[in-house]
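Next comes query15.cif, with mmCIF, C-alpha atoms and all ligand atoms.
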```cif
data_input
loop_
_atom_site.label_atom_id
_atom_site.label_comp_id
_atom_site.auth_asym_id
_atom_site.auth_seq_id
_atom_site.Cartn_x
_atom_site.Cartn_y
_atom_site.Cartn_z
CA MET A 1 0.00 0.00 0.00
CA THR A 2 1.41 3.38 -0.93
CA LYS A 3 0.09 6.42 0.86
CA LYS A 4 -0.11 9.19 -1.70
CA ASN A 5 -2.30 12.15 -2.53
CA ILE A 6 -4.85 13.52 -0.21
CA VAL A 7 -8.48 12.43 -0.41
CA THR A 8 -10.61 14.96 -2.27
CA ARG A 9 -14.38 15.38 -2.72
CA ASP A 10 -14.41 14.09 -6.32
CA ILE A 11 -12.59 10.79 -5.66
CA LYS A 12 -14.76 7.68 -5.66
CA MET A 13 -15.35 6.47 -2.09
CA ALA A 14 -14.33 2.95 -3.18
CA ASP A 15 -10.97 4.34 -4.37
CA VAL A 16 -10.36 5.94 -0.97
CA ILE A 17 -10.25 2.45 0.51
CA HIS A 18 -7.98 1.23 -2.29
CA MET A 19 -5.69 4.22 -1.57
CA ASN A 20 -5.46 3.37 2.11
CA TYR A 21 -7.40 0.48 3.64
CA LEU A 22 -6.55 1.75 7.15
CA LEU A 23 -9.19 4.43 6.56
CA LEU A 24 -11.94 1.83 6.64
CA PRO A 25 -12.64 2.07 10.41
CA VAL A 26 -12.52 5.88 10.17
CA ILE A 27 -15.16 5.78 7.41
CA ASN A 28 -17.22 3.38 9.55
CA ARG A 29 -17.22 5.91 12.40
CA PHE A 30 -19.27 8.22 10.21
CA ASP A 31 -21.83 5.39 9.99
CA ILE A 32 -21.11 4.99 6.26
CA LYS A 33 -21.71 1.43 5.10
CA LEU A 34 -19.87 -0.32 2.26
CA GLY A 35 -21.52 -0.78 -1.14
CA PHE A 36 -20.88 2.74 -2.47
CA GLY A 37 -20.80 1.69 -6.15
CA ASP A 38 -19.10 4.49 -8.10
CA LYS A 39 -20.31 7.33 -5.89
CA THR A 40 -17.82 10.05 -5.06
CA VAL A 41 -16.89 11.10 -1.53
CA GLU A 42 -19.09 14.17 -1.95
CA GLN A 43 -22.10 12.12 -3.11
CA VAL A 44 -21.76 9.62 -0.24
CA CYS A 45 -21.39 12.40 2.36
CA SER A 46 -24.43 14.17 0.96
CA GLU A 47 -26.45 10.94 1.04
CA TYR A 48 -25.58 10.37 4.72
CA GLY A 49 -25.94 14.05 5.71
CA ILE A 50 -22.27 14.29 6.69
CA ASN A 51 -20.33 17.58 6.79
CA LEU A 52 -18.07 17.03 3.73
CA SER A 53 -15.28 19.38 4.78
CA PHE A 54 -15.06 17.79 8.25
CA PHE A 55 -15.08 14.29 6.74
CA LEU A 56 -12.21 15.17 4.37
CA ASP A 57 -10.14 16.76 7.11
CA ILE A 58 -10.56 13.81 9.45
CA ILE A 59 -9.86 11.25 6.72
CA ASN A 60 -6.76 13.12 5.52
CA THR A 61 -5.48 13.55 9.07
CA TYR A 62 -5.46 9.77 9.44
CA HIS A 63 -4.25 9.22 5.87
CA ASP A 64 -1.26 11.54 5.91
CA PRO A 65 0.61 12.34 9.16
CA LYS A 66 1.74 15.65 7.63
CA TYR A 67 -1.85 16.75 6.91
CA PHE A 68 -3.29 18.67 9.83
CA PRO A 69 -5.11 21.92 8.95
CA LEU A 70 -5.06 23.14 12.52
CA ASP A 71 -6.80 26.50 12.09
CA LYS A 72 -9.54 25.02 9.94
CA MET A 73 -10.07 22.09 12.33
CA ARG A 74 -10.47 24.51 15.22
CA GLU A 75 -13.32 26.23 13.38
CA TYR A 76 -15.59 23.16 13.36
CA PRO A 77 -18.46 23.04 15.87
CA ILE A 78 -17.29 21.33 19.06
CA ASN A 79 -20.21 18.90 19.01
CA LEU A 80 -19.13 17.62 15.59
CA ILE A 81 -15.69 16.76 16.94
CA VAL A 82 -16.97 15.30 20.21
CA ASN A 83 -19.47 13.08 18.39
CA TYR A 84 -16.70 11.78 16.13
CA LEU A 85 -14.45 11.11 19.14
CA LEU A 86 -17.27 9.24 20.89
CA LYS A 87 -17.64 7.00 17.84
CA SER A 88 -13.92 6.23 18.06
CA HIS A 89 -14.34 5.30 21.72
CA GLU A 90 -17.03 2.84 20.71
CA HIS A 91 -14.61 1.33 18.17
CA TYR A 92 -11.89 0.92 20.83
CA THR A 93 -14.14 -0.58 23.51
CA GLN A 94 -16.22 -2.82 21.26
CA LYS A 95 -13.66 -3.90 18.68
CA MET A 96 -9.99 -3.08 19.29
CA LEU A 97 -9.75 -3.98 22.98
CA PRO A 98 -11.73 -7.26 22.98
CA GLU A 99 -10.14 -8.48 19.74
CA THR A 100 -6.65 -7.73 21.05
CA GLU A 101 -7.49 -9.70 24.18
CA GLN A 102 -8.64 -12.62 22.07
CA MET A 103 -5.46 -12.55 19.97
CA ILE A 104 -3.28 -12.52 23.09
CA ASP A 105 -5.30 -15.39 24.52
CA GLU A 106 -4.74 -17.41 21.31
CA LEU A 107 -1.02 -16.62 21.42
CA VAL A 108 -0.78 -17.82 25.03
CA HIS A 109 -2.57 -21.06 24.11
CA SER A 110 -0.16 -21.66 21.23
CA CYS A 111 2.79 -21.74 23.67
CA ARG A 112 4.73 -24.99 23.65
CA GLY A 113 7.22 -24.66 26.48
CA ASP A 114 7.56 -22.56 29.62
CA CYS A 115 4.78 -20.05 29.17
CA ASP A 116 5.47 -17.75 32.11
CA ASN A 117 6.62 -14.90 29.87
CA LEU A 118 3.44 -15.10 27.82
CA ARG A 119 1.40 -15.02 31.01
CA LEU A 120 3.20 -11.79 31.87
CA ILE A 121 2.10 -10.34 28.52
CA GLU A 122 -1.44 -11.42 29.29
CA ASP A 123 -1.32 -9.66 32.68
CA PHE A 124 0.28 -6.57 31.18
CA TYR A 125 -2.48 -6.35 28.59
CA LYS A 126 -5.30 -6.89 31.12
CA LYS A 127 -4.00 -3.94 33.14
CA TYR A 128 -3.62 -1.88 29.97
CA LYS A 129 -7.17 -2.69 28.87
CA THR A 130 -8.55 -1.54 32.22
CA GLU A 131 -6.46 1.62 32.05
CA LEU A 132 -7.63 2.54 28.55
CA GLU A 133 -11.27 1.72 29.40
CA ASN A 134 -11.01 3.99 32.47
CA HIS A 135 -9.49 6.76 30.37
CA LEU A 136 -12.26 6.56 27.77
CA LYS A 137 -14.92 6.40 30.48
CA SER A 138 -13.46 9.40 32.26
CA GLU A 139 -13.56 11.40 29.01
CA GLU A 140 -17.15 10.34 28.40
CA GLU A 141 -18.22 11.21 31.95
CA LYS A 142 -16.05 14.26 32.67
CA PHE A 143 -14.16 15.78 29.74
CA PHE A 144 -16.79 15.73 26.95
CA PRO A 145 -19.75 16.64 29.24
CA TYR A 146 -17.65 19.49 30.69
CA VAL A 147 -16.92 20.83 27.18
CA LYS A 148 -20.57 20.43 26.20
CA ALA A 149 -21.75 22.07 29.42
CA LEU A 150 -19.65 25.13 28.68
CA ILE A 151 -21.09 25.54 25.21
CA ASP A 152 -24.58 24.79 26.46
CA LYS A 153 -26.49 28.04 27.10
CA LYS A 154 -28.23 26.56 30.14
CA GLU A 155 -24.93 26.50 32.05
CA LYS A 156 -23.94 30.05 31.03
CA GLU A 157 -25.22 31.62 34.22
CA LYS A 158 -23.13 29.41 36.45
CA ASN A 159 -19.64 30.09 37.69
CA LEU A 160 -16.85 28.41 35.67
CA GLU A 161 -15.24 26.82 38.71
CA ALA A 162 -18.61 25.41 39.78
CA ILE A 163 -19.10 23.77 36.37
CA ARG A 164 -15.56 22.40 36.41
CA ARG A 165 -16.09 20.99 39.90
CA LYS A 166 -19.36 19.41 38.83
CA TYR A 167 -17.61 17.46 36.06
CA ASN A 168 -14.38 17.01 38.05
CA PHE A 169 -12.25 17.71 34.97
CA SER A 170 -8.47 18.15 35.35
CA TYR A 171 -6.10 19.15 32.52
CA ALA A 172 -3.13 17.61 34.33
CA SER A 173 -4.54 14.12 34.86
CA HIS A 174 -5.97 14.10 31.32
CA SER A 175 -2.54 14.77 29.86
CA ILE A 176 -0.85 12.09 32.03
CA GLU A 177 -3.44 9.54 30.94
CA HIS A 178 -2.83 10.33 27.26
CA GLU A 179 0.90 9.85 27.61
CA SER A 180 0.41 6.56 29.45
CA VAL A 181 -2.12 4.87 27.13
CA ILE A 182 0.13 5.46 24.11
CA THR A 183 3.41 4.54 25.80
CA LYS A 184 2.08 1.26 27.18
CA LEU A 185 0.88 0.15 23.76
CA LEU A 186 4.36 0.86 22.44
CA ASP A 187 5.86 -1.07 25.38
CA LEU A 188 3.65 -4.06 24.62
CA LYS A 189 4.87 -4.13 21.01
CA ASN A 190 8.47 -3.89 22.13
CA ILE A 191 8.14 -6.72 24.63
CA LEU A 192 6.84 -8.93 21.80
CA ILE A 193 9.45 -7.75 19.29
CA LYS A 194 12.53 -7.65 21.52
CA TYR A 195 12.22 -9.73 24.65
CA LEU A 196 9.70 -12.54 24.44
CA PRO A 197 11.26 -16.01 23.97
CA PRO A 198 9.78 -17.13 20.62
CA ASP A 199 8.16 -20.29 21.92
CA TYR A 200 4.75 -19.73 20.34
CA ASP A 201 2.93 -19.72 17.00
CA HIS A 202 4.78 -17.10 14.93
CA GLY A 203 1.88 -16.42 12.58
CA LYS A 204 -0.33 -15.55 15.56
CA CYS A 205 2.34 -13.28 17.01
CA ASN A 206 2.80 -11.48 13.66
CA ASN A 207 -0.96 -10.95 13.37
CA LEU A 208 -1.04 -9.55 16.90
CA LEU A 209 1.82 -7.18 16.08
CA TYR A 210 0.19 -5.93 12.86
CA TRP A 211 -2.98 -5.33 14.88
CA LEU A 212 -1.12 -3.46 17.63
CA PHE A 213 0.52 -1.20 15.04
CA LEU A 214 -2.92 -0.32 13.63
CA PHE A 215 -4.31 0.20 17.12
CA GLU A 216 -1.47 2.48 18.17
CA ASP A 217 -1.66 4.61 14.99
CA ASP A 218 -5.40 5.05 15.36
CA LEU A 219 -5.20 5.87 19.06
CA ARG A 220 -2.36 8.36 18.48
CA ASP A 221 -4.48 10.24 15.90
CA HIS A 222 -7.43 10.15 18.26
CA GLU A 223 -5.49 11.60 21.19
CA ARG A 224 -3.95 14.20 18.87
CA LEU A 225 -7.42 15.45 17.93
CA GLU A 226 -8.29 15.76 21.61
CA ASP A 227 -5.02 17.45 22.57
CA VAL A 228 -4.61 19.80 19.63
CA ILE A 229 -8.23 20.63 18.76
CA LEU A 230 -10.46 20.02 21.73
CA LEU A 231 -8.28 21.17 24.62
CA PRO A 232 -7.39 24.56 23.05
CA ALA A 233 -11.08 25.01 22.16
CA LEU A 234 -11.92 24.32 25.80
CA GLU A 235 -9.32 26.84 26.97
CA ASN A 236 -10.88 29.45 24.65
CA ILE A 237 -14.37 28.82 25.98
CA GLU A 238 -13.07 29.03 29.56
CA ALA A 239 -11.36 32.34 28.73
CA GLN A 240 -14.64 33.69 27.31
CA TYR A 241 -16.42 32.62 30.51
CA ARG A 242 -13.91 34.49 32.63
CA GLN A 243 -14.21 37.61 30.45
CA ASN A 244 -17.99 37.60 30.68
CA LYS A 245 -17.96 37.49 34.46
FE FE A 301 -10.80 9.90 23.68
FE FE A 302 -8.10 10.66 25.24
#
```

So that I can check it, write out the structure of this file as C-alpha cells.
Ligand SMILES: [Fe+2]
Ligand SMILES: [Fe+2]
Amino acid sequence: MTKKNIVTRDIKMADVIHMNYLLLPVINRFDIKLGFGDKTVEQVCSEYGINLSFFLDIINTYHDPKYFPLDKMREYPINLIVNYLLKSHEHYTQKMLPETEQMIDELVHSCRGDCDNLRLIEDFYKKYKTELENHLKSEEEKFFPYVKALIDKKEKEKNLEAIRRKYNFSYASHSIEHESVITKLLDLKNILIKYLPPDYDHGKCNNLLYWLFLFEDDLRDHERLEDVILLPALENIEAQYRQNK
C-alpha cells in the first residue's frame, strides 16, 4: 500500500479504501456502510448528511501524518468533533480492545514450552485494557460533558469553577493519561518484538503485532485530535467565561 495524494471530494469512495485500507474504520465511524458503487466522496457524504469538509479533514489527518489543517479544524463546531471522538471510543471498547485480548489469549494457548513470559504479557495487557477503558470512560463522563456544558447556554449563568467541579475535569490528569495509554501500547509491542522467547505460534504473534501497530496509529491520531483541537477550544471557551464574568 502506498500512501499518496490527499483524499478529495471528487474521488470515488471505493478508491479511498484502495488508496489506504486503514481508513476503513474511520469511514465506519461516520456510519457509512460499504456498497458505495461508483459514488464520489461528496455524493456519499451528501447521502448520509455528513459535513463534507469535516469528513475530508478527518480522513486526511489519518491518511497523511503531515496533513493537519489546525486553524480550519479549530473552526468546526465542538459537538461535531466530540461526536466523532465518541464514535472512536465505541470502536476501541467494542472492537480493538476485545479483539486484542482474544489474539493474546490465542497466542498464550499456542505456547509450547515454559509459558510464564506469555502469562506476563497477558497480565500486562489486562491492566492496559482496564487503564484505557477507564481513560475513555473518564472522558465520556467528565471531559466531553464538561466541554458540552460550557457551550450549552443553560450553564452560562453558572460560575466556571462550579461547572468544572461538577464534572471534576483536570487538565493535568488528562494529559498524564494520554501519555500513558500510548506509551504502554508501544511497550507491549516492544516486549513482543525484543524480549519474548519465541516459543509460540509465529503467525499468531505477527498478526497480533500488525494489529497493535494499527491500534497504536489510530489511538495516536485520536489523542492528537483531543489534545490539539479540543483542549485549546476548551481553553478558549473558559477564557470567554472568565471575560464575561
Ligand atoms: Fe478519547
Ligand atoms: Fe483521550

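The residues sitting within 8 Å of ligand FE 301 (chain A), with only C-alpha atoms and all ligand atoms considered, come out as Leu85, Leu86, Ser88, His89, His135, Leu136, Glu139, Glu140, His222, Glu223 and Glu226 of chain A.
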
Just-selected residues, C-alpha atoms written as a PDB file, keeping the file's coordinate frame:
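Wrote selection.pdb, looks like this:
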```pdb
ATOM      1  CA  LEU A  85     -14.450  11.110  19.140  1.00  0.00           C
ATOM      2  CA  LEU A  86     -17.270   9.240  20.890  1.00  0.00           C
ATOM      3  CA  SER A  88     -13.920   6.230  18.060  1.00  0.00           C
ATOM      4  CA  HIS A  89     -14.340   5.300  21.720  1.00  0.00           C
ATOM      5  CA  HIS A 135      -9.490   6.760  30.370  1.00  0.00           C
ATOM      6  CA  LEU A 136     -12.260   6.560  27.770  1.00  0.00           C
ATOM      7  CA  GLU A 139     -13.560  11.400  29.010  1.00  0.00           C
ATOM      8  CA  GLU A 140     -17.150  10.340  28.400  1.00  0.00           C
ATOM      9  CA  HIS A 222      -7.430  10.150  18.260  1.00  0.00           C
ATOM     10  CA  GLU A 223      -5.490  11.600  21.190  1.00  0.00           C
ATOM     11  CA  GLU A 226      -8.290  15.760  21.610  1.00  0.00           C
TER      12      GLU A 226
END
```

Please produce, as JSON lines, a per-residue contact table for range 57-169 of chain A versus range 21-35 of chain A (criterion: any atom at most 8 Å away, all atoms listed in the file considered), showing the nearest atom pair and its distance in Å to one decimal, sorted by chain then residue number.
```
{"residue": "A:Ile59", "atom": "CA", "partner": "A:Leu23", "partner_atom": "CA", "distance": 6.9}
{"residue": "A:Tyr62", "atom": "CA", "partner": "A:Leu23", "partner_atom": "CA", "distance": 7.1}
{"residue": "A:His63", "atom": "CA", "partner": "A:Leu23", "partner_atom": "CA", "distance": 6.9}
{"residue": "A:Tyr84", "atom": "CA", "partner": "A:Arg29", "partner_atom": "CA", "distance": 7.0}
{"residue": "A:Lys87", "atom": "CA", "partner": "A:Arg29", "partner_atom": "CA", "distance": 5.6}
{"residue": "A:Ser88", "atom": "CA", "partner": "A:Arg29", "partner_atom": "CA", "distance": 6.6}
{"residue": "A:His91", "atom": "CA", "partner": "A:Arg29", "partner_atom": "CA", "distance": 7.8}
```

Inset, instruction - Find the residues around range 108-124 of chain A up to 12 Å (all atoms listed in the file counted), leave out those fewer than 3 positions away in its own chain, and share them as an NGL selection string. - result: :A and (100-105 or 127-131 or 184-185 or 187-192 or 195-205 or 208)

In terms of the shortest atom-to-atom distance over only C-alpha atoms and all ligand atoms, which of A:Ile182, A:Ala162, A:Leu234, A:Ile58 is closest to ligand FE 302 (chain A)?
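Between A:Ile182, A:Ala162, A:Leu234, A:Ile58, the residue approaching ligand FE 302 (chain A) most closely is A:Ile182.
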
Separating CA of Ser180 in chain A from CA of Ile237 in chain A, to the nearest tenth of an Å, is a gap of 26.9 Å

Practice problem: Rounded to one decimal place, report the CA of Thr183 in chain A-CA of Asn207 in chain A distance in Å. | Solution: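 Those two atoms sit 20.3 Å apart.
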
So which residues touch Lys166 in chain A within 9 Å, counting only C-alpha atoms, skipping near sequence neighbours fewer than 3 positions away, as a list in words?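 The filter keeps Lys142, Tyr146, Glu161, Ala162, Ile163 and Phe169 of chain A.
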
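Distances to Phe215 in chain A were evaluated for A:Ser53, A:Gln43, A:Asn83, A:Thr93 using only C-alpha atoms, and the minimum falls at A:Thr93.
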
Extract, using all atoms listed in the file, all DNA, RNA and protein residues at most 12 Å from Met19 in chain A, discarding same-chain residues fewer than 3 positions from it, and format them as a tab-separated table (two decimals) with C-alpha atoms, in the frame of the given file.
```tsv
chain	number	residue	atom	x	y	z
A	1	MET	CA	0.00	0.00	0.00
A	2	THR	CA	1.41	3.38	-0.93
A	3	LYS	CA	0.09	6.42	0.86
A	4	LYS	CA	-0.11	9.19	-1.70
A	5	ASN	CA	-2.30	12.15	-2.53
A	6	ILE	CA	-4.85	13.52	-0.21
A	7	VAL	CA	-8.48	12.43	-0.41
A	8	THR	CA	-10.61	14.96	-2.27
A	11	ILE	CA	-12.59	10.79	-5.66
A	12	LYS	CA	-14.76	7.68	-5.66
A	13	MET	CA	-15.35	6.47	-2.09
A	14	ALA	CA	-14.33	2.95	-3.18
A	15	ASP	CA	-10.97	4.34	-4.37
A	16	VAL	CA	-10.36	5.94	-0.97
A	22	LEU	CA	-6.55	1.75	7.15
A	23	LEU	CA	-9.19	4.43	6.56
A	24	LEU	CA	-11.94	1.83	6.64
A	59	ILE	CA	-9.86	11.25	6.72
A	60	ASN	CA	-6.76	13.12	5.52
A	63	HIS	CA	-4.25	9.22	5.87
A	64	ASP	CA	-1.26	11.54	5.91
```

Could you check how far CA of Lys126 in chain A sits from CA of His178 in chain A, in Å to one decimal?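 One can read the CA of Lys126 in chain A to CA of His178 in chain A distance as 17.8 Å.
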
Requested in this report: May I ask which of the residues A:Phe144, A:Tyr241, A:Tyr48, A:Phe54 is the closest one to Pro77 in chain A, counting only C-alpha atoms?
Outcome: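 Nearest to Pro77 in chain A: A:Phe54.
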
key: Point (-9.8, 23.6, 19.8), cut-off 10 Å, counting only C-alpha atoms, residues as a ChimeraX atom specification   = /A:70-78,81,225-237

Tell me which of A:Phe36, A:Tyr92, A:Trp211, A:Phe55 sits closest to ligand FE 302 (chain A), counting only C-alpha atoms and all ligand atoms.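 Smallest separation from ligand FE 302 (chain A) among the options: A:Tyr92.
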
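The residue that comes closest to ligand FE 302 (chain A), out of A:Asn206, A:Asn159, A:Asn134, A:Asn244 and on the basis of all atoms listed in the file, is A:Asn134.
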
Could you check which of A:Glu99, A:Asp218, A:Glu238, A:Glu177 is closest to ligand FE 302 (chain A), using only C-alpha atoms and all ligand atoms?
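Smallest distance to ligand FE 302 (chain A) is found for A:Glu177.
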